[in-house]
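Q: Supplied in structure tokens, the structure appears directly below.
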Amino acid sequence: MMRSLKMTIAAITMILPLALAGCGNREPGSGTGSTQSPTETETGTRAETNSGAGWRDDHDINDTNDVIAIHNSVSNWEKLDTFTELKPGTQRIVHYTIEGDPIFYDLKYSDSGFQLRYDTTADKFGSPSVKVYDCKGFEKSESDVELRYTLTGCQGDNDEFVVLELDYNVAEQDLFEFTLLYGITEKNEVHTAENKLVKDLQNGEVAELDDFKLTSQERGLIYKEMVLANYLAEKKLSSTCNAEPHASYDLTVRINGGERHYEWSECNSGEDNETMTKMVRKIIAIVEGKNEYKALPAVKGAYE
């Protein structure tokens with residue numbers, strides 16, 4: 001199970017690794033960086049009563065089906081990929097303000113195109129309104145430093161609205177280090193702060209490096225995988241496993257002034273276990289793909 005989080009509220013505030021479009025008391029963000037959007041009387045923006053048929057009129061939040069952005073954490077972001085595939089349907093995105101109030105972004109796709117229903121009526125510190133925007137397209141763009149979902153071809157003053165943005169630029173972090181123990185007996189180790197690498201030879205011996213370093217690009221790729229796995233969120237993990245032998249993992253991440261620690265096994269079928277296992281396997285592939293690792297002695301035994 002995940003151990004206690006050694007992070008103060010101040011440290012959490014310092015981290016903020018995800019730049020979330022729409023957080024705070026403002027309109028949906030535009031592709032040009034403007035925070036202004038058309039008013040209800042301008043072209044392309046209509047009050048809910050004019051085109052709101054089929055929209056959810058509740059403020060219920062579904063932890064499984066809704067995309068939820070809470071400051072430094074985004075869950076279920078993959079559900080937005082359905083809209084980039086032009087499949088009719090709806091999707092709710094919930095952005096929380098700094099004060100903790102939800103702002104609702106409801107997307108709908110049909111043969112006539114895309115619509116965004118923007119609802120701020122639950123924001124106690126903002127101006128309550130419900131607006132609907134008509135748009136022609138929905139795009140996903142991904143780079144080494146960010147993932148962005150954007151409505152395009154929208155009518156009104158802004159022709160684009162960024163509805164979700166995940167920032168994973170490791171260069172913007174004051175500190176990013178991690179320690180990973182993995183394998184059948186967790187004798188394989190990666191300690192980035194100590195430049196240390198340990199390989200389990202599976203015969204009672206290990207091979208070690210004390211000058212192991214990841215490149216800036218490799219660190220960026222690893223940080224990206226952690227952010228996409230929503231590693232800062234609370235995780236329901238289990239170390240129990242009925243299979244023998246089985247691999248298990250112990251991961252500690254130090255980010256700016258905070259720390260997260262996780263322990264789990266590969267054979268548990270929980271959603272968080274599967275997400276974290278998928279993430280850590282990508283990290284291991286990066287580590288074991290380096291020439292320094294390949295130069296270490298080969299495994300000499302096997303676990304039964």
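Chain lettering (A, B, ...) mirrors the order of the structure tokens, residue numbering begins at 1 for each chain separately, and ligand numbering begins at 1 in order of display.
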Could you tell me, as a ChimeraX atom specification, which residues of segment 55-274 of chain A DSSP assigns to helix (DSSP H, G or I) when given the backbone?
A: /A:77-84,170-172,216-228,271-274
Q: If you run DSSP on the backbone here, which positions in segment 72-220 of chain A get strand (DSSP E or B)? Please write them as a PyMOL selection string.
A: chain A and resi 73-75+89-96+102-110+113-119+130-135+137-142+146-152+160-167+176-183+188-191+196-200+206-209
Q: Name the residues in contact with Lys196 of chain A at a cut-off of 12 Å, using only C-alpha atoms, excluding same-chain residues fewer than 4 positions from it; report them as a list in words.
A: Glu177, Phe178, Thr179, Leu180, Leu181, Asn188, Glu189, Val190, His191, Thr192, Ala207, Glu208, Leu209, Asp210, Asp211, Phe212, Lys213, Leu214, Val287, Glu292 and Tyr293 of chain A
Q: So which one's closest to Leu175 of chain A, A:Arg254, A:Arg56, A:Arg219, A:Lys140? Using only C-alpha atoms, please.
A: A:Arg254
Q: For atom CA of Leu164 of chain A and atom CA of Lys131 of chain A, quote the distance in Å rounded to one decimal.
A: 17.7 Å
Q: A:Asn195, A:Val170, A:Leu201, A:Val162: which is nearest Glu218 of chain A, counting only C-alpha atoms?
A: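 Ranking A:Asn195, A:Val170, A:Leu201, A:Val162 by distance to Glu218 of chain A, first place goes to A:Val170.
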Q: Env of Glu142 of chain A: 10 Å cut, atoms = only C-alpha atoms, seq-sep filter 4 positions within chain, self excluded. Answer as a ChimeraX atom specification.
A: /A:146-149,165-166
Q: Could those residues be written to a file, using C-alpha atoms, as an mmCIF file, in the first residue's frame?
A:
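Written output follows (selection25.cif):
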```
data_model
loop_
_atom_site.group_PDB
_atom_site.id
_atom_site.type_symbol
_atom_site.label_atom_id
_atom_site.label_comp_id
_atom_site.auth_asym_id
_atom_site.auth_seq_id
_atom_site.Cartn_x
_atom_site.Cartn_y
_atom_site.Cartn_z
ATOM 1 C CA GLU A 146 3.154 19.031 -23.220
ATOM 2 C CA LEU A 147 -0.065 17.299 -24.252
ATOM 3 C CA ARG A 148 -2.908 19.505 -25.442
ATOM 4 C CA TYR A 149 -6.525 19.011 -26.546
ATOM 5 C CA GLU A 165 -3.307 20.885 -21.270
ATOM 6 C CA LEU A 166 -0.817 18.667 -19.437
#
```
Q: Could you name the residues that touch segment 279-286 of chain A at 6 Å or less, counting only C-alpha atoms, but leaving out those on the same chain fewer than 3 positions away, as a list in words?
A: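 After dropping sequence-adjacent residues, the list is Ile222, Glu225, Met276 and Gly289 of chain A.
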Q: Report, in Å with one decimal, the straight-line distance from atom CA of Tyr168 of chain A to atom CA of Lys224 of chain A.
A: 5.3 Å
Q: What does the distance between atom CA of Gly258 of chain A and atom CA of Val94 of chain A come to in Å, to one decimal place?
A: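 Spanning atom CA of Gly258 of chain A to atom CA of Val94 of chain A is a straight-line distance of 25.2 Å.
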Q: May I have the residues within 10 Å of Leu237 of chain A as a PyMOL selection string, using only C-alpha atoms and disregarding those fewer than 4 positions away in the same chain?
A: chain A and resi 1-2+262-265+268-274+276
